[in-house]
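Shown below: final_36.pdb, with PDB, C-alpha atoms.
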ATOM      1  CA  MET A   1      29.970 -13.411 -48.638
ATOM      2  CA  GLU A   2      33.690 -14.155 -49.082
ATOM      3  CA  LEU A   3      33.364 -17.488 -47.265
ATOM      4  CA  SER A   4      30.370 -18.356 -49.388
ATOM      5  CA  SER A   5      32.212 -17.512 -52.635
ATOM      6  CA  GLU A   6      35.239 -19.580 -51.601
ATOM      7  CA  ARG A   7      32.980 -22.495 -50.820
ATOM      8  CA  VAL A   8      31.292 -22.221 -54.231
ATOM      9  CA  VAL A   9      34.683 -22.226 -56.002
ATOM     10  CA  ALA A  10      35.809 -25.208 -53.954
ATOM     11  CA  THR A  11      32.586 -27.035 -54.706
ATOM     12  CA  LEU A  12      32.953 -26.375 -58.440
ATOM     13  CA  GLU A  13      36.515 -27.712 -58.355
ATOM     14  CA  MET A  14      35.501 -30.777 -56.335
ATOM     15  CA  SER A  15      32.712 -31.531 -58.820
ATOM     16  CA  GLN A  16      35.376 -32.308 -61.418
ATOM     17  CA  THR A  17      36.661 -35.292 -59.442
ATOM     18  CA  GLN A  18      33.833 -36.571 -57.290
ATOM     19  CA  GLY A  19      31.613 -39.457 -58.374
ATOM     20  CA  LYS A  20      27.889 -39.754 -58.837
ATOM     21  CA  ASP A  21      27.254 -40.415 -55.175
ATOM     22  CA  ASP A  22      28.721 -37.060 -54.165
ATOM     23  CA  GLU A  23      27.317 -34.757 -56.856
ATOM     24  CA  PRO A  24      23.854 -34.793 -58.425
ATOM     25  CA  PHE A  25      24.949 -33.589 -61.878
ATOM     26  CA  THR A  26      28.394 -34.999 -62.728
ATOM     27  CA  ARG A  27      27.178 -37.249 -65.550
ATOM     28  CA  ASP A  28      29.139 -36.294 -68.708
ATOM     29  CA  GLY A  29      31.060 -33.718 -66.669
ATOM     30  CA  ASP A  30      30.430 -30.862 -64.282
ATOM     31  CA  TYR A  31      27.712 -28.873 -65.914
ATOM     32  CA  GLU A  32      27.047 -30.775 -69.160
ATOM     33  CA  SER A  33      23.827 -32.170 -67.720
ATOM     34  CA  LEU A  34      22.003 -29.497 -65.786
ATOM     35  CA  PRO A  35      20.436 -30.293 -62.401
ATOM     36  CA  PRO A  36      17.302 -32.386 -63.005
ATOM     37  CA  HIS A  37      14.974 -29.804 -61.474
ATOM     38  CA  VAL A  38      16.076 -27.029 -63.864
ATOM     39  CA  SER A  39      12.934 -26.074 -65.745
ATOM     40  CA  VAL A  40      12.305 -26.175 -69.468
ATOM     41  CA  THR A  41      12.017 -22.383 -69.212
ATOM     42  CA  THR A  42      15.697 -22.220 -68.263
ATOM     43  CA  HIS A  43      16.726 -24.189 -71.345
ATOM     44  CA  MET A  44      14.450 -22.033 -73.485
ATOM     45  CA  THR A  45      15.859 -18.775 -72.113
ATOM     46  CA  ALA A  46      19.442 -19.878 -72.710
ATOM     47  CA  GLY A  47      18.540 -21.077 -76.203
ATOM     48  CA  ALA A  48      16.687 -17.890 -77.110
ATOM     49  CA  VAL A  49      19.601 -15.652 -76.113
ATOM     50  CA  ALA A  50      22.092 -17.869 -77.955
ATOM     51  CA  GLY A  51      19.903 -17.941 -81.073
ATOM     52  CA  ILE A  52      19.355 -14.195 -81.239
ATOM     53  CA  LEU A  53      23.080 -13.497 -80.856
ATOM     54  CA  GLU A  54      23.931 -16.173 -83.426
ATOM     55  CA  HIS A  55      21.725 -14.569 -86.079
ATOM     56  CA  THR A  56      22.379 -10.885 -85.351
ATOM     57  CA  VAL A  57      26.168 -10.740 -85.032
ATOM     58  CA  MET A  58      26.820 -12.201 -88.495
ATOM     59  CA  TYR A  59      23.654 -10.973 -90.197
ATOM     60  CA  PRO A  60      25.388  -8.771 -92.841
ATOM     61  CA  VAL A  61      27.265 -11.848 -94.106
ATOM     62  CA  ASP A  62      23.974 -13.730 -94.310
ATOM     63  CA  SER A  63      22.609 -10.927 -96.518
ATOM     64  CA  VAL A  64      25.598 -11.322 -98.831
ATOM     65  CA  LYS A  65      25.119 -15.115 -98.921
ATOM     66  CA  THR A  66      21.505 -14.701-100.075
ATOM     67  CA  ARG A  67      22.569 -12.419-102.922
ATOM     68  CA  MET A  68      25.499 -14.614-103.960
ATOM     69  CA  GLN A  69      23.124 -17.585-104.257
ATOM     70  CA  SER A  70      21.075 -15.733-106.878
ATOM     71  CA  LEU A  71      21.035 -17.903-110.005
ATOM     72  CA  GLN A  72      20.795 -14.994-112.464
ATOM     73  CA  PRO A  73      21.844 -11.887-110.532
ATOM     74  CA  ASP A  74      21.514  -8.336-111.751
ATOM     75  CA  PRO A  75      24.845  -7.070-113.172
ATOM     76  CA  ASN A  76      24.983  -4.612-110.260
ATOM     77  CA  ALA A  77      24.664  -7.480-107.759
ATOM     78  CA  GLN A  78      27.461  -9.759-108.935
ATOM     79  CA  TYR A  79      30.158 -10.079-106.294
ATOM     80  CA  LYS A  80      33.595 -11.688-106.223
ATOM     81  CA  SER A  81      33.921 -12.025-102.460
ATOM     82  CA  VAL A  82      32.082 -11.407 -99.204
ATOM     83  CA  TYR A  83      34.211  -8.371 -98.366
ATOM     84  CA  GLU A  84      33.783  -6.827-101.813
ATOM     85  CA  ALA A  85      30.042  -7.429-101.647
ATOM     86  CA  LEU A  86      29.644  -5.767 -98.253
ATOM     87  CA  LYS A  87      31.756  -2.790 -99.308
ATOM     88  CA  ARG A  88      29.754  -2.254-102.493
ATOM     89  CA  ILE A  89      26.346  -2.716-100.837
ATOM     90  CA  ILE A  90      27.206  -0.142 -98.164
ATOM     91  CA  ARG A  91      28.618   2.293-100.739
ATOM     92  CA  THR A  92      25.739   2.062-103.229
ATOM     93  CA  GLU A  93      22.729   1.209-101.048
ATOM     94  CA  GLY A  94      23.546   2.675 -97.650
ATOM     95  CA  ILE A  95      25.191   1.538 -94.443
ATOM     96  CA  PHE A  96      22.054  -0.111 -93.064
ATOM     97  CA  ARG A  97      21.190  -2.090 -96.222
ATOM     98  CA  PRO A  98      23.023  -5.279 -95.097
ATOM     99  CA  LEU A  99      20.799  -5.264 -91.988
ATOM    100  CA  ARG A 100      17.500  -5.249 -93.886
ATOM    101  CA  GLY A 101      15.290  -8.036 -92.579
ATOM    102  CA  LEU A 102      17.090  -8.264 -89.241
ATOM    103  CA  ASN A 103      13.907  -7.404 -87.308
ATOM    104  CA  ILE A 104      11.958 -10.455 -88.502
ATOM    105  CA  THR A 105      15.019 -12.633 -87.954
ATOM    106  CA  VAL A 106      15.223 -11.622 -84.290
ATOM    107  CA  MET A 107      11.479 -12.141 -83.873
ATOM    108  CA  GLY A 108      11.769 -15.655 -85.275
ATOM    109  CA  ALA A 109      15.147 -16.677 -83.821
ATOM    110  CA  GLY A 110      14.169 -16.163 -80.174
ATOM    111  CA  PRO A 111      11.233 -18.610 -79.977
ATOM    112  CA  ALA A 112      12.718 -20.955 -82.613
ATOM    113  CA  HIS A 113      15.968 -21.467 -80.719
ATOM    114  CA  ALA A 114      14.173 -21.621 -77.371
ATOM    115  CA  LEU A 115      12.255 -24.665 -78.645
ATOM    116  CA  TYR A 116      15.354 -25.974 -80.396
ATOM    117  CA  PHE A 117      17.710 -26.170 -77.411
ATOM    118  CA  ALA A 118      15.032 -27.236 -74.917
ATOM    119  CA  CYS A 119      13.993 -30.101 -77.201
ATOM    120  CA  TYR A 120      17.614 -31.050 -77.929
ATOM    121  CA  GLU A 121      18.553 -31.310 -74.250
ATOM    122  CA  ARG A 122      15.443 -33.290 -73.328
ATOM    123  CA  VAL A 123      15.638 -35.783 -76.213
ATOM    124  CA  LYS A 124      19.415 -36.132 -75.904
ATOM    125  CA  ARG A 125      19.167 -36.982 -72.198
ATOM    126  CA  SER A 126      16.296 -39.427 -72.684
ATOM    127  CA  LEU A 127      17.950 -41.277 -75.570
ATOM    128  CA  SER A 128      21.369 -41.340 -73.871
ATOM    129  CA  ASP A 129      19.758 -42.993 -70.847
ATOM    130  CA  ILE A 130      18.299 -45.674 -73.120
ATOM    131  CA  ILE A 131      21.236 -46.199 -75.500
ATOM    132  CA  GLN A 132      24.280 -45.769 -73.259
ATOM    133  CA  SER A 133      22.930 -45.717 -69.723
ATOM    134  CA  GLY A 134      23.394 -41.967 -69.427
ATOM    135  CA  SER A 135      26.788 -41.739 -71.187
ATOM    136  CA  ASN A 136      27.324 -39.573 -74.253
ATOM    137  CA  SER A 137      25.895 -41.167 -77.416
ATOM    138  CA  HIS A 138      26.575 -39.816 -80.905
ATOM    139  CA  LEU A 139      23.398 -41.476 -82.137
ATOM    140  CA  ALA A 140      21.404 -39.737 -79.398
ATOM    141  CA  ASN A 141      23.038 -36.399 -80.287
ATOM    142  CA  GLY A 142      22.178 -36.792 -83.975
ATOM    143  CA  VAL A 143      18.588 -37.877 -83.369
ATOM    144  CA  ALA A 144      18.038 -35.134 -80.773
ATOM    145  CA  GLY A 145      19.359 -32.504 -83.173
ATOM    146  CA  SER A 146      17.088 -33.769 -85.949
ATOM    147  CA  VAL A 147      13.955 -33.784 -83.762
ATOM    148  CA  ALA A 148      14.747 -30.297 -82.453
ATOM    149  CA  THR A 149      15.134 -29.085 -86.048
ATOM    150  CA  VAL A 150      11.528 -29.991 -86.923
ATOM    151  CA  LEU A 151      10.260 -27.652 -84.186
ATOM    152  CA  HIS A 152      12.824 -24.944 -84.960
ATOM    153  CA  ASP A 153      12.005 -24.813 -88.667
ATOM    154  CA  ALA A 154       8.249 -24.762 -88.092
ATOM    155  CA  VAL A 155       8.747 -21.420 -86.327
ATOM    156  CA  MET A 156      11.661 -20.067 -88.371
ATOM    157  CA  ASN A 157      10.542 -20.871 -91.929
ATOM    158  CA  PRO A 158       8.134 -17.908 -92.364
ATOM    159  CA  ALA A 159      10.798 -15.577 -90.946
ATOM    160  CA  GLU A 160      13.336 -16.994 -93.431
ATOM    161  CA  VAL A 161      11.003 -16.334 -96.369
ATOM    162  CA  ILE A 162      10.446 -12.710 -95.365
ATOM    163  CA  LYS A 163      14.106 -12.158 -94.487
ATOM    164  CA  GLN A 164      15.470 -13.462 -97.786
ATOM    165  CA  ARG A 165      12.966 -11.503 -99.886
ATOM    166  CA  MET A 166      14.030  -8.325 -98.106
ATOM    167  CA  GLN A 167      17.732  -9.150 -98.540
ATOM    168  CA  MET A 168      17.580  -9.526-102.335
ATOM    169  CA  TYR A 169      18.903  -6.788-104.616
ATOM    170  CA  ASN A 170      16.142  -4.371-105.682
ATOM    171  CA  SER A 171      13.711  -5.957-103.243
ATOM    172  CA  PRO A 172      10.227  -4.558-104.045
ATOM    173  CA  TYR A 173       9.089  -4.536-100.419
ATOM    174  CA  ARG A 174       9.086  -1.321 -98.397
ATOM    175  CA  GLY A 175       9.405  -3.118 -95.073
ATOM    176  CA  LEU A 176       8.412  -6.094 -92.940
ATOM    177  CA  LEU A 177       4.651  -5.505 -92.899
ATOM    178  CA  ASP A 178       4.537  -4.661 -96.604
ATOM    179  CA  CYS A 179       6.338  -7.925 -97.382
ATOM    180  CA  VAL A 180       3.943  -9.985 -95.238
ATOM    181  CA  ARG A 181       0.855  -8.322 -96.736
ATOM    182  CA  THR A 182       2.058  -8.565-100.353
ATOM    183  CA  VAL A 183       3.140 -12.211-100.128
ATOM    184  CA  THR A 184      -0.104 -13.191 -98.367
ATOM    185  CA  ARG A 185      -2.251 -11.332-100.920
ATOM    186  CA  THR A 186      -0.455 -12.511-104.071
ATOM    187  CA  GLU A 187       0.759 -15.993-103.123
ATOM    188  CA  GLY A 188      -1.299 -17.037-100.113
ATOM    189  CA  ILE A 189      -0.282 -18.151 -96.607
ATOM    190  CA  GLY A 190       1.229 -21.319 -98.047
ATOM    191  CA  ALA A 191       4.071 -19.244 -99.511
ATOM    192  CA  PHE A 192       5.601 -18.945 -96.054
ATOM    193  CA  TYR A 193       5.986 -22.733 -95.913
ATOM    194  CA  ARG A 194       6.740 -23.432 -99.577
ATOM    195  CA  SER A 195      10.346 -24.270 -98.716
ATOM    196  CA  TYR A 196       9.571 -26.106 -95.447
ATOM    197  CA  SER A 197      10.214 -29.598 -96.823
ATOM    198  CA  THR A 198      13.457 -28.410 -98.426
ATOM    199  CA  GLN A 199      14.406 -26.613 -95.221
ATOM    200  CA  LEU A 200      13.901 -29.817 -93.233
ATOM    201  CA  THR A 201      15.720 -31.875 -95.858
ATOM    202  CA  MET A 202      18.642 -29.470 -95.483
ATOM    203  CA  ASN A 203      18.542 -28.799 -91.754
ATOM    204  CA  ILE A 204      18.057 -32.344 -90.480
ATOM    205  CA  PRO A 205      21.368 -33.554 -91.959
ATOM    206  CA  PHE A 206      22.886 -30.145 -91.189
ATOM    207  CA  GLN A 207      22.010 -30.382 -87.507
ATOM    208  CA  ALA A 208      22.848 -34.078 -87.265
ATOM    209  CA  VAL A 209      26.349 -33.397 -88.675
ATOM    210  CA  HIS A 210      26.544 -30.209 -86.589
ATOM    211  CA  PHE A 211      25.828 -31.870 -83.239
ATOM    212  CA  ILE A 212      27.894 -34.992 -83.938
ATOM    213  CA  THR A 213      30.889 -32.867 -85.030
ATOM    214  CA  TYR A 214      30.529 -30.633 -81.976
ATOM    215  CA  GLU A 215      30.385 -33.572 -79.575
ATOM    216  CA  LEU A 216      33.331 -35.296 -81.322
ATOM    217  CA  MET A 217      35.405 -32.115 -81.055
ATOM    218  CA  GLN A 218      34.471 -31.783 -77.400
ATOM    219  CA  GLU A 219      35.634 -35.335 -76.742
ATOM    220  CA  GLN A 220      39.034 -34.389 -78.142
ATOM    221  CA  LEU A 221      39.429 -30.847 -76.815
ATOM    222  CA  ASN A 222      37.420 -31.063 -73.608
ATOM    223  CA  PRO A 223      37.083 -34.753 -72.628
ATOM    224  CA  HIS A 224      36.116 -33.995 -69.023
ATOM    225  CA  ARG A 225      33.384 -31.592 -70.187
ATOM    226  CA  HIS A 226      34.459 -28.733 -67.964
ATOM    227  CA  TYR A 227      33.459 -25.183 -68.806
ATOM    228  CA  HIS A 228      36.180 -24.176 -71.283
ATOM    229  CA  PRO A 229      35.192 -21.263 -73.561
ATOM    230  CA  GLY A 230      38.017 -21.856 -76.035
ATOM    231  CA  SER A 231      36.994 -25.440 -76.701
ATOM    232  CA  HIS A 232      33.350 -24.456 -77.144
ATOM    233  CA  ILE A 233      34.274 -21.752 -79.660
ATOM    234  CA  VAL A 234      36.586 -24.017 -81.694
ATOM    235  CA  SER A 235      34.166 -26.963 -81.596
ATOM    236  CA  GLY A 236      31.242 -24.739 -82.588
ATOM    237  CA  ALA A 237      33.173 -23.156 -85.462
ATOM    238  CA  ALA A 238      34.308 -26.545 -86.795
ATOM    239  CA  ALA A 239      30.793 -27.966 -86.535
ATOM    240  CA  GLY A 240      29.361 -24.957 -88.383
ATOM    241  CA  ALA A 241      31.932 -25.092 -91.188
ATOM    242  CA  VAL A 242      31.570 -28.834 -91.883
ATOM    243  CA  SER A 243      27.776 -28.896 -91.793
ATOM    244  CA  ALA A 244      27.478 -25.687 -93.867
ATOM    245  CA  ALA A 245      29.753 -26.957 -96.636
ATOM    246  CA  ILE A 246      27.968 -30.316 -96.885
ATOM    247  CA  THR A 247      24.469 -28.846 -97.101
ATOM    248  CA  THR A 248      25.115 -25.842 -99.389
ATOM    249  CA  PRO A 249      23.338 -27.416-102.431
ATOM    250  CA  LEU A 250      20.144 -27.737-100.402
ATOM    251  CA  ASP A 251      20.520 -24.166 -99.146
ATOM    252  CA  VAL A 252      20.717 -22.888-102.735
ATOM    253  CA  CYS A 253      17.442 -24.691-103.525
ATOM    254  CA  LYS A 254      15.849 -23.301-100.369
ATOM    255  CA  THR A 255      16.861 -19.755-101.334
ATOM    256  CA  LEU A 256      15.308 -20.176-104.788
ATOM    257  CA  LEU A 257      12.028 -21.405-103.266
ATOM    258  CA  ASN A 258      11.994 -18.594-100.700
ATOM    259  CA  THR A 259      12.791 -15.750-103.074
ATOM    260  CA  GLN A 260      10.996 -17.041-106.220
ATOM    261  CA  GLU A 261      13.710 -15.246-108.207
ATOM    262  CA  ASN A 262      11.756 -13.764-111.130
ATOM    263  CA  VAL A 263      14.581 -13.405-113.660
ATOM    264  CA  ALA A 264      15.691 -16.999-113.207
ATOM    265  CA  LEU A 265      12.165 -18.423-113.343
ATOM    266  CA  ASN A 266      11.213 -16.355-116.397
ATOM    267  CA  SER A 267      14.306 -17.543-118.254
ATOM    268  CA  MET A 268      13.099 -21.108-117.703
ATOM    269  CA  ASN A 269       9.570 -20.178-118.885
ATOM    270  CA  ILE A 270       8.189 -21.108-115.473
ATOM    271  CA  SER A 271       4.842 -19.440-114.902
ATOM    272  CA  GLY A 272       3.331 -19.076-111.474
ATOM    273  CA  HIS A 273       5.380 -20.077-108.464
ATOM    274  CA  LEU A 274       8.078 -22.715-108.160
ATOM    275  CA  SER A 275       7.375 -25.280-105.455
ATOM    276  CA  GLY A 276       8.802 -28.593-104.310
ATOM    277  CA  MET A 277      12.356 -29.688-103.668
ATOM    278  CA  ALA A 278      12.578 -31.813-106.828
ATOM    279  CA  ASN A 279      11.528 -28.864-109.032
ATOM    280  CA  ALA A 280      14.016 -26.609-107.264
ATOM    281  CA  PHE A 281      16.860 -29.086-107.836
ATOM    282  CA  ARG A 282      15.919 -29.433-111.501
ATOM    283  CA  THR A 283      15.745 -25.663-112.006
ATOM    284  CA  VAL A 284      19.071 -24.972-110.299
ATOM    285  CA  TYR A 285      20.806 -27.628-112.398
ATOM    286  CA  ARG A 286      19.335 -26.373-115.678
ATOM    287  CA  LEU A 287      20.340 -22.791-114.925
ATOM    288  CA  GLY A 288      23.912 -23.396-113.818
ATOM    289  CA  GLY A 289      24.882 -27.041-113.786
ATOM    290  CA  MET A 290      26.581 -28.632-110.776
ATOM    291  CA  ALA A 291      28.503 -25.432-109.998
ATOM    292  CA  ALA A 292      25.228 -23.629-109.274
ATOM    293  CA  PHE A 293      24.603 -25.863-106.253
ATOM    294  CA  PHE A 294      27.635 -24.333-104.541
ATOM    295  CA  LYS A 295      26.896 -20.669-105.208
ATOM    296  CA  GLY A 296      27.582 -18.677-102.055
ATOM    297  CA  VAL A 297      29.397 -21.550-100.312
ATOM    298  CA  GLN A 298      32.187 -19.206 -99.173
ATOM    299  CA  ALA A 299      29.726 -16.751 -97.617
ATOM    300  CA  ARG A 300      27.765 -19.611 -96.048
ATOM    301  CA  ILE A 301      30.837 -21.038 -94.319
ATOM    302  CA  ILE A 302      32.049 -17.592 -93.245
ATOM    303  CA  TYR A 303      28.597 -16.950 -91.775
ATOM    304  CA  GLN A 304      28.145 -20.323 -90.070
ATOM    305  CA  MET A 305      31.563 -20.650 -88.428
ATOM    306  CA  PRO A 306      31.322 -17.633 -86.093
ATOM    307  CA  SER A 307      27.540 -17.993 -85.780
ATOM    308  CA  THR A 308      27.679 -21.519 -84.388
ATOM    309  CA  ALA A 309      30.732 -20.638 -82.296
ATOM    310  CA  ILE A 310      28.745 -17.768 -80.750
ATOM    311  CA  ALA A 311      25.650 -19.908 -80.224
ATOM    312  CA  TRP A 312      27.514 -22.728 -78.483
ATOM    313  CA  SER A 313      29.750 -20.491 -76.352
ATOM    314  CA  VAL A 314      26.734 -18.465 -75.159
ATOM    315  CA  TYR A 315      24.653 -21.568 -74.507
ATOM    316  CA  GLU A 316      27.478 -23.374 -72.676
ATOM    317  CA  PHE A 317      28.074 -20.256 -70.580
ATOM    318  CA  PHE A 318      24.427 -20.249 -69.549
ATOM    319  CA  LYS A 319      24.689 -23.891 -68.529
ATOM    320  CA  TYR A 320      27.832 -23.162 -66.487
ATOM    321  CA  PHE A 321      26.291 -20.063 -64.915
ATOM    322  CA  LEU A 322      23.091 -21.869 -63.955
ATOM    323  CA  THR A 323      25.002 -24.764 -62.399
ATOM    324  CA  LYS A 324      27.161 -22.320 -60.452
ATOM    325  CA  GLN A 325      24.031 -20.577 -59.209
ATOM    326  CA  GLN A 326      22.665 -23.926 -58.042
ATOM    327  CA  LEU A 327      25.900 -24.739 -56.194
ATOM    328  CA  GLU A 328      25.879 -21.295 -54.614
ATOM    329  CA  HIS A 329      22.297 -21.858 -53.474
ATOM    330  CA  GLU A 330      23.207 -25.233 -51.951
ATOM    331  CA  ALA A 331      26.415 -23.913 -50.340
ATOM    332  CA  GLY A 332      24.699 -20.809 -48.893
ATOM    333  CA  PRO A 333      22.791 -22.488 -46.008
ATOM    334  CA  ARG A 334      25.853 -24.561 -45.053
ATOM    335  CA  SER A 335      28.046 -21.468 -44.834
ATOM    336  CA  LEU A 336      25.775 -19.770 -42.298
TER     337      LEU A 336
END
structure tokens encoding of this file:
Amino acid sequence: MELSSERVVATLEMSQTQGKDDEPFTRDGDYESLPPHVSVTTHMTAGAVAGILEHTVMYPVDSVKTRMQSLQPDPNAQYKSVYEALKRIIRTEGIFRPLRGLNITVMGAGPAHALYFACYERVKRSLSDIIQSGSNSHLANGVAGSVATVLHDAVMNPAEVIKQRMQMYNSPYRGLLDCVRTVTRTEGIGAFYRSYSTQLTMNIPFQAVHFITYELMQEQLNPHRHYHPGSHIVSGAAAGAVSAAITTPLDVCKTLLNTQENVALNSMNISGHLSGMANAFRTVYRLGGMAAFFKGVQARIIYQMPSTAIAWSVYEFFKYFLTKQQLEHEAGPRSL
């Protein structure tokens, strides 16, 4: 076993310097492109784990962000900062209140991110082969992220609607099932996809900027694309912060469409349910001017920075681990 382990370490080190003829997966670095025979299931498993951790670790901050984006909040739900909001919510509503809606988020994040990362890797590799003969292409990264987002949001949008309605102050829903039943009965199934176009309009540029920023940071911090946890964390955090700040106005509109905030809509004499991105933009502007489009931007950045750092570091670890397992498998017979 010791000989086998030493051989695996040596093989991993050699993979950093050997050319294509010696190693089957050195394109873009040691483990950046997984061995070609690695199944889609492997990508999906790594993506699902990364997605669940991304959403659960920072979930309380996401709850605060939803409340801070309220256009006409209750006087008891007006907060000056993320920390003050969390402290007051826990003190007045209970220690588990910031976690309300976490169950549906986990249920949605697993399959959504499984599809997301599997699609991203496949499209990125295919387009890179066409555009830059297998080398890293920022255009391929952006397009791959955008295509993956369409699949991700198709799964995640209903979960987002339920989650945000349960996060709001004085939410009328007793729990997950009550929320699903009430929304379906009063607004129809379409309510779960009312914000889908806005979600895509937000997430496609978000993910394009996200992936391009991440890859640019990796070129600077980790040009050889070795497994380097620190660079993955910093690159992920930077990518999350930049893309979150840029797309906050769209996120505010998405929150309004998801929550159908009654006080705000009634003040605008809007009867029925608000739908459509254009109507959401118009309503947000009338209620608060340009400043309203950046409500909750601090909480959004604070949430996205560690979330994307966690997602990328977990996903990159899986890629490293799987490549190491493959090397160990190949080195095993030779060490006998």
- [ ] Point out the residue among A:Ala114, A:Met202, A:Val314, A:Leu99 with the least atom-to-atom distance to Met166 of chain A, counting all atoms listed in the file.
- [x]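 So, comparing all the options, the nearest one is A:Leu99.
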Task: Answer key for the PyMOL selection byres ((chain A and resi 240) around 12), residues as an MDAnalysis selection string - done: chainID A and resid 54 203 206:214 217 232:239 241:248 300:312
How would the residues just picked look written out with C-alpha atoms as a compact mmCIF listing (two decimals), keeping the file's coordinate frame?
# COMPACT_ATOMS: atom_id res chain seq x y z
CA GLU A 54 23.93 -16.17 -83.43
CA ASN A 203 18.54 -28.80 -91.75
CA PHE A 206 22.89 -30.14 -91.19
CA GLN A 207 22.01 -30.38 -87.51
CA ALA A 208 22.85 -34.08 -87.26
CA VAL A 209 26.35 -33.40 -88.68
CA HIS A 210 26.54 -30.21 -86.59
CA PHE A 211 25.83 -31.87 -83.24
CA ILE A 212 27.89 -34.99 -83.94
CA THR A 213 30.89 -32.87 -85.03
CA TYR A 214 30.53 -30.63 -81.98
CA MET A 217 35.40 -32.12 -81.06
CA HIS A 232 33.35 -24.46 -77.14
CA ILE A 233 34.27 -21.75 -79.66
CA VAL A 234 36.59 -24.02 -81.69
CA SER A 235 34.17 -26.96 -81.60
CA GLY A 236 31.24 -24.74 -82.59
CA ALA A 237 33.17 -23.16 -85.46
CA ALA A 238 34.31 -26.54 -86.80
CA ALA A 239 30.79 -27.97 -86.54
CA ALA A 241 31.93 -25.09 -91.19
CA VAL A 242 31.57 -28.83 -91.88
CA SER A 243 27.78 -28.90 -91.79
CA ALA A 244 27.48 -25.69 -93.87
CA ALA A 245 29.75 -26.96 -96.64
CA ILE A 246 27.97 -30.32 -96.88
CA THR A 247 24.47 -28.85 -97.10
CA THR A 248 25.12 -25.84 -99.39
CA ARG A 300 27.76 -19.61 -96.05
CA ILE A 301 30.84 -21.04 -94.32
CA ILE A 302 32.05 -17.59 -93.24
CA TYR A 303 28.60 -16.95 -91.78
CA GLN A 304 28.14 -20.32 -90.07
CA MET A 305 31.56 -20.65 -88.43
CA PRO A 306 31.32 -17.63 -86.09
CA SER A 307 27.54 -17.99 -85.78
CA THR A 308 27.68 -21.52 -84.39
CA ALA A 309 30.73 -20.64 -82.30
CA ILE A 310 28.74 -17.77 -80.75
CA ALA A 311 25.65 -19.91 -80.22
CA TRP A 312 27.51 -22.73 -78.48
Expansion of the PyMOL selection byres ((chain A and resi 263) around 10) into residues, as a compact mmCIF listing (two decimals) with C-alpha atoms, in the frame of the given file:
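As a result, part-v4.txt now contains:
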# COMPACT_ATOMS: atom_id res chain seq x y z
CA SER A 70 21.08 -15.73 -106.88
CA LEU A 71 21.04 -17.90 -110.00
CA GLN A 72 20.80 -14.99 -112.46
CA PRO A 73 21.84 -11.89 -110.53
CA ASP A 74 21.51 -8.34 -111.75
CA GLN A 260 11.00 -17.04 -106.22
CA GLU A 261 13.71 -15.25 -108.21
CA ASN A 262 11.76 -13.76 -111.13
CA ALA A 264 15.69 -17.00 -113.21
CA LEU A 265 12.16 -18.42 -113.34
CA ASN A 266 11.21 -16.36 -116.40
CA SER A 267 14.31 -17.54 -118.25
CA MET A 268 13.10 -21.11 -117.70
CA ASN A 269 9.57 -20.18 -118.88
- [ ] Check which residues satisfy the PyMOL selection byres ((chain A and resi 112) around 10) in the file shown, then give them as number ranges by chain.
- [x] A: 44, 47-48, 51-52, 106-111, 113-117, 148-149, 151-157
Open item on the list: Set the distance at 10 Å and use all atoms listed in the file: which residues neighbour segment 192-196 of chain A once local chain neighbours fewer than 3 positions away are removed? I'd like the list as number ranges by chain.
Closed with: A: 150, 153-154, 156-162, 180, 183-184, 187-189, 199-202, 253-259, 273-277, 280
Open item on the list: Residues near segment 289-294 of chain A, anyone? I mean within 7 Å using all atoms listed in the file, not counting same-chain ones fewer than 2 positions away, as JSON, numbers by chain.
Closed with: {"A": [248, 249, 252, 284, 285, 286, 287, 296, 297]}
Open item on the list: Nearest residue to Ala77 of chain A out of A:Met168, A:Leu216, A:Leu102, A:Ile130, using all atoms listed in the file?
Closed with: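 Selected residue with least distance to Ala77 of chain A: A:Met168.
The spacing separating atom CA of Leu250 of chain A from atom CA of Thr66 of chain A amounts to 13.1 Å.
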Task: Straight-line distance linking atom CA of Ala118 of chain A with atom CA of Tyr315 of chain A, stated in Å to one decimal - done: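 The value is 11.2 Å.
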- [ ] Give the answer as one residue: which of A:Gln220, A:Ser197, A:Ser313, A:Gln164 has the shortest atom-to-atom distance to Val49 of chain A, using only C-alpha atoms?
- [x] A:Ser313
